[in-house]
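Text of upload.cif (mmCIF, C-alpha atoms) as supplied:
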data_query
loop_
_atom_site.label_atom_id
_atom_site.label_comp_id
_atom_site.auth_asym_id
_atom_site.auth_seq_id
_atom_site.Cartn_x
_atom_site.Cartn_y
_atom_site.Cartn_z
CA MET F 1 -4.22 3.76 16.85
CA THR F 2 -4.24 3.28 13.08
CA GLN F 3 -7.17 1.75 11.23
CA PRO F 4 -6.58 -2.00 10.69
CA ALA F 5 -6.60 -3.45 7.16
CA GLY F 6 -9.41 -5.76 8.29
CA MET F 7 -10.49 -8.42 10.75
CA ILE F 8 -9.40 -12.03 10.35
CA ALA F 9 -10.77 -15.16 12.00
CA GLU F 10 -8.94 -18.47 12.26
CA PHE F 11 -10.93 -21.73 12.11
CA ALA F 12 -9.98 -25.36 12.71
CA ASP F 13 -12.02 -26.77 9.83
CA ALA F 14 -13.62 -25.76 6.57
CA GLU F 15 -17.24 -26.09 7.73
CA GLU F 16 -16.78 -23.48 10.45
CA MET F 17 -15.15 -21.10 7.97
CA LEU F 18 -17.97 -21.71 5.45
CA ALA F 19 -20.61 -20.94 8.08
CA ALA F 20 -18.90 -17.64 8.90
CA LEU F 21 -18.50 -16.89 5.19
CA ARG F 22 -22.21 -17.52 4.55
CA ALA F 23 -23.13 -15.25 7.46
CA ALA F 24 -20.78 -12.50 6.28
CA ARG F 25 -22.29 -12.64 2.78
CA LYS F 26 -25.78 -12.59 4.25
CA ALA F 27 -24.85 -9.57 6.39
CA GLY F 28 -23.85 -7.72 3.23
CA TRP F 29 -20.06 -8.04 3.24
CA ARG F 30 -18.63 -7.97 -0.28
CA ARG F 31 -14.94 -7.29 0.32
CA LEU F 32 -13.75 -10.45 2.01
CA ASP F 33 -11.48 -13.39 1.32
CA ALA F 34 -11.01 -16.94 2.55
CA TYR F 35 -7.73 -18.82 2.90
CA ALA F 36 -7.46 -22.60 3.17
CA PRO F 37 -4.75 -25.27 2.87
CA TYR F 38 -6.73 -27.02 0.11
CA PRO F 39 -9.46 -26.03 -2.36
CA VAL F 40 -12.89 -25.46 -0.83
CA PRO F 41 -15.32 -25.30 -3.79
CA GLU F 42 -18.23 -23.87 -1.80
CA ALA F 43 -16.02 -21.03 -0.56
CA ALA F 44 -15.06 -20.26 -4.16
CA GLU F 45 -18.77 -20.11 -5.08
CA LEU F 46 -19.58 -17.84 -2.13
CA LEU F 47 -16.67 -15.55 -3.03
CA ALA F 48 -17.81 -15.51 -6.69
CA VAL F 49 -14.44 -16.72 -7.95
CA ARG F 50 -14.58 -17.36 -11.68
CA GLY F 51 -12.16 -19.30 -13.84
CA TRP F 52 -13.52 -18.31 -17.24
CA PRO F 53 -11.36 -15.20 -17.76
CA VAL F 54 -8.19 -17.30 -17.84
CA ALA F 55 -9.86 -19.79 -20.19
CA ALA F 56 -10.94 -16.99 -22.54
CA ILE F 57 -7.45 -15.48 -22.54
CA THR F 58 -5.96 -18.92 -23.24
CA VAL F 59 -8.28 -19.67 -26.16
CA ALA F 60 -7.82 -16.21 -27.67
CA ALA F 61 -4.03 -16.40 -27.46
CA GLY F 62 -3.98 -19.94 -28.86
CA LEU F 63 -6.12 -18.90 -31.82
CA ALA F 64 -4.03 -15.77 -32.40
CA GLY F 65 -0.82 -17.82 -32.34
CA ALA F 66 -2.27 -20.40 -34.74
CA VAL F 67 -3.50 -17.75 -37.19
CA LEU F 68 -0.19 -15.89 -37.05
CA GLN F 69 1.84 -19.07 -37.58
CA TYR F 70 -0.33 -20.35 -40.41
CA GLY F 71 -0.38 -16.92 -42.06
CA THR F 72 3.39 -16.63 -41.80
CA GLN F 73 3.88 -20.04 -43.42
CA TYR F 74 1.38 -19.21 -46.14
CA TYR F 75 3.01 -15.86 -46.89
CA LEU F 76 6.54 -17.26 -46.96
CA ASN F 77 5.73 -20.35 -49.06
CA VAL F 78 3.10 -18.96 -51.45
CA VAL F 79 3.64 -15.19 -51.76
CA ASP F 80 7.17 -14.18 -50.77
CA TYR F 81 9.35 -17.10 -51.87
CA PRO F 82 7.41 -19.78 -53.75
CA ILE F 83 9.50 -22.86 -54.55
CA ASN F 84 7.98 -25.86 -56.29
CA VAL F 85 9.53 -28.88 -54.60
CA GLY F 86 8.63 -32.27 -56.09
CA GLY F 87 5.45 -30.97 -57.68
CA ARG F 88 3.69 -30.22 -54.38
CA PRO F 89 1.27 -27.32 -54.35
CA LEU F 90 2.59 -24.05 -52.91
CA HIS F 91 -0.24 -23.98 -50.36
CA ALA F 92 0.31 -27.43 -48.89
CA TRP F 93 -1.91 -26.98 -45.82
CA PRO F 94 -1.27 -30.46 -44.27
CA VAL F 95 2.42 -29.57 -44.01
CA PHE F 96 1.57 -26.29 -42.26
CA LEU F 97 -0.51 -27.90 -39.50
CA PRO F 98 2.17 -29.37 -37.14
CA ALA F 99 3.97 -26.05 -36.69
CA THR F 100 0.63 -24.23 -36.42
CA TYR F 101 -0.48 -26.60 -33.64
CA ILE F 102 2.79 -26.28 -31.74
CA VAL F 103 2.76 -22.48 -31.84
CA ALA F 104 -0.93 -22.38 -30.81
CA VAL F 105 -0.20 -24.55 -27.76
CA LEU F 106 2.85 -22.48 -26.85
CA TRP F 107 0.97 -19.17 -27.07
CA ALA F 108 -1.98 -20.59 -25.13
CA ALA F 109 0.25 -21.91 -22.34
CA ILE F 110 2.14 -18.63 -21.99
CA ALA F 111 -1.09 -16.62 -22.06
CA ALA F 112 -2.67 -18.88 -19.41
CA LEU F 113 0.29 -18.34 -17.09
CA VAL F 114 0.53 -14.59 -17.64
CA GLY F 115 -3.27 -14.15 -17.50
CA MET F 116 -3.51 -16.05 -14.22
CA LEU F 117 -0.69 -14.01 -12.70
CA VAL F 118 -2.15 -10.67 -13.83
CA LEU F 119 -5.74 -11.47 -12.80
CA ASN F 120 -4.56 -12.64 -9.37
CA ARG F 121 -2.31 -9.58 -9.03
CA LEU F 122 0.72 -11.80 -8.58
CA PRO F 123 3.51 -11.91 -7.69
CA ARG F 124 2.49 -10.13 -4.53
CA LEU F 125 5.47 -9.93 -2.25
CA HIS F 126 3.47 -8.55 0.66
CA HIS F 127 -0.16 -8.57 1.67
CA PRO F 128 -1.48 -7.27 5.00
CA VAL F 129 -2.89 -10.70 6.00
CA PHE F 130 0.66 -12.09 6.05
CA ALA F 131 1.16 -10.14 9.32
CA ALA F 132 -1.96 -11.61 10.98
CA PRO F 133 -1.16 -13.78 13.99
CA GLY F 134 -1.00 -17.47 13.04
CA PHE F 135 -1.60 -16.85 9.32
CA ASP F 136 1.43 -18.96 8.44
CA ARG F 137 -0.73 -22.02 9.21
CA ALA F 138 -3.10 -21.17 6.32
CA SER F 139 -1.03 -23.43 4.10
CA GLU F 140 -0.91 -26.24 6.66
CA ASP F 141 -4.06 -26.94 8.67
CA ARG F 142 -6.02 -23.75 9.42
CA PHE F 143 -8.78 -21.86 7.62
CA PHE F 144 -9.06 -18.09 7.65
CA LEU F 145 -11.77 -15.60 6.78
CA CYS F 146 -10.80 -11.95 6.41
CA LEU F 147 -13.22 -9.01 6.27
CA PHE F 148 -11.35 -6.07 4.72
CA VAL F 149 -11.44 -2.42 5.77
CA ASP F 150 -12.16 -1.07 2.29
CA GLU F 151 -15.69 -2.46 2.52
CA PRO F 152 -18.11 0.49 2.50
CA GLY F 153 -19.22 1.13 6.05
CA PHE F 154 -16.53 -1.10 7.59
CA ASP F 155 -16.72 -1.17 11.34
CA ALA F 156 -14.12 -3.23 13.18
CA ALA F 157 -16.47 -3.83 16.12
CA HIS F 158 -19.26 -5.04 13.82
CA ALA F 159 -16.84 -7.32 11.96
CA GLU F 160 -15.53 -8.76 15.21
CA HIS F 161 -19.07 -9.26 16.53
CA LEU F 162 -20.05 -11.09 13.34
CA LEU F 163 -17.02 -13.38 13.50
CA ARG F 164 -17.44 -14.07 17.26
CA GLY F 165 -20.73 -15.81 16.51
CA PHE F 166 -18.80 -18.78 15.14
CA ASP F 167 -16.35 -21.26 16.58
CA ALA F 168 -13.25 -19.24 15.69
CA LEU F 169 -9.96 -20.18 17.34
CA ARG F 170 -8.75 -16.59 17.13
CA ILE F 171 -10.08 -13.27 15.86
CA SER F 172 -7.65 -10.45 15.38
CA PRO F 173 -7.25 -7.22 13.45
CA VAL F 174 -5.10 -7.37 10.33
CA PRO F 175 -2.34 -4.80 10.77
CA ALA F 176 -2.27 -2.10 8.10
CA ALA F 177 0.75 -2.34 5.85
#
Starting from the file, lay out its structure as structure tokens.
Amino acid sequence: MTQPAGMIAEFADAEEMLAALRAARKAGWRRLDAYAPYPVPEAAELLAVRGWPVAAITVAAGLAGAVLQYGTQYYLNVVDYPINVGGRPLHAWPVFLPATYIVAVLWAAIAALVGMLVLNRLPRLHHPVFAAPGFDRASEDRFFLCLFVDEPGFDAAHAEHLLRGFDALRISPVPAA
């Protein structure tokens, strides 16, 4: 028999999943994931999910887009092709701001989308948990906790024993891909 990708437990509500997640963290598990039909903030804290990388990418890209747009306008209007129209100064910064703002927002939005996809390793067309029995209900009304095999010292029997201590509806191995 091949080594499973992990052990997965199905729960009827979030509190049961959170109790198992707390116990798994306390037992030393680091490579695990939780799946729920709606956000569970405490699970995100226990899994150490952070949102700041996407925010940093977004701000950096927005600033880069703004600087590039403003610099391009400055270069074109002041250095490369200066035209005095109606006596306005060549560096008319208030006129440069609307386009600068629009480009900054566009770059930030694109960077937020791409950053989120890359950091979440998406699009992922297949993941081993998709083959777990009943996992299709993770987006409807069930909560899942998966302990993965690439955890140092993974033992399927130990993982199953840990998960059996909670009110799980089903505990099953995650088939390897």
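Nearest to Glu160 in chain F of all the residues F:Met17, F:Ala24, F:Val85, F:Val103 is F:Ala24, based on only C-alpha atoms.
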| request: Tell me which residues the PyMOL selection byres ((chain F and resi 138-142) around 8) grabs here, as a PyMOL selection string. | output: chain F and resi 10-13+35-38+134-137+143-144
| request: Around the point (-2.6, -16.0, -18.1) in the file's coordinates, collect all residues with an atom within 12 Å, using all atoms listed in the file, and return them as a list in words. | output: Gly51, Trp52, Pro53, Val54, Ala55, Ala56, Ile57, Thr58, Val59, Ala60, Ala61, Gly62, Trp107, Ala108, Ala109, Ile110, Ala111, Ala112, Leu113, Val114, Gly115, Met116, Leu117, Val118, Leu119, Asn120, Arg121 and Leu122 of chain F
| field | Counting all atoms listed in the file, the residue of F:Phe148, F:Phe130, F:Trp29, F:Tyr74 that sits nearest Pro89 in chain F | value | F:Tyr74
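Checking F:Asp167, F:His158, F:Arg124, F:Asp80 one by one against Ala20 in chain F, counting all atoms listed in the file, you find the shortest gap at F:Asp167.
Candidate residues F:Lys26, F:Pro98, F:Pro123, F:Ala104 were compared for distance to Gly65 in chain F, and the nearest is F:Ala104, using all atoms listed in the file.
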| Residues matched by the PyMOL selection byres ((chain F and resi 3) around 9) as a ChimeraX atom specification | /F:1-2,4-6,149,156,175-176
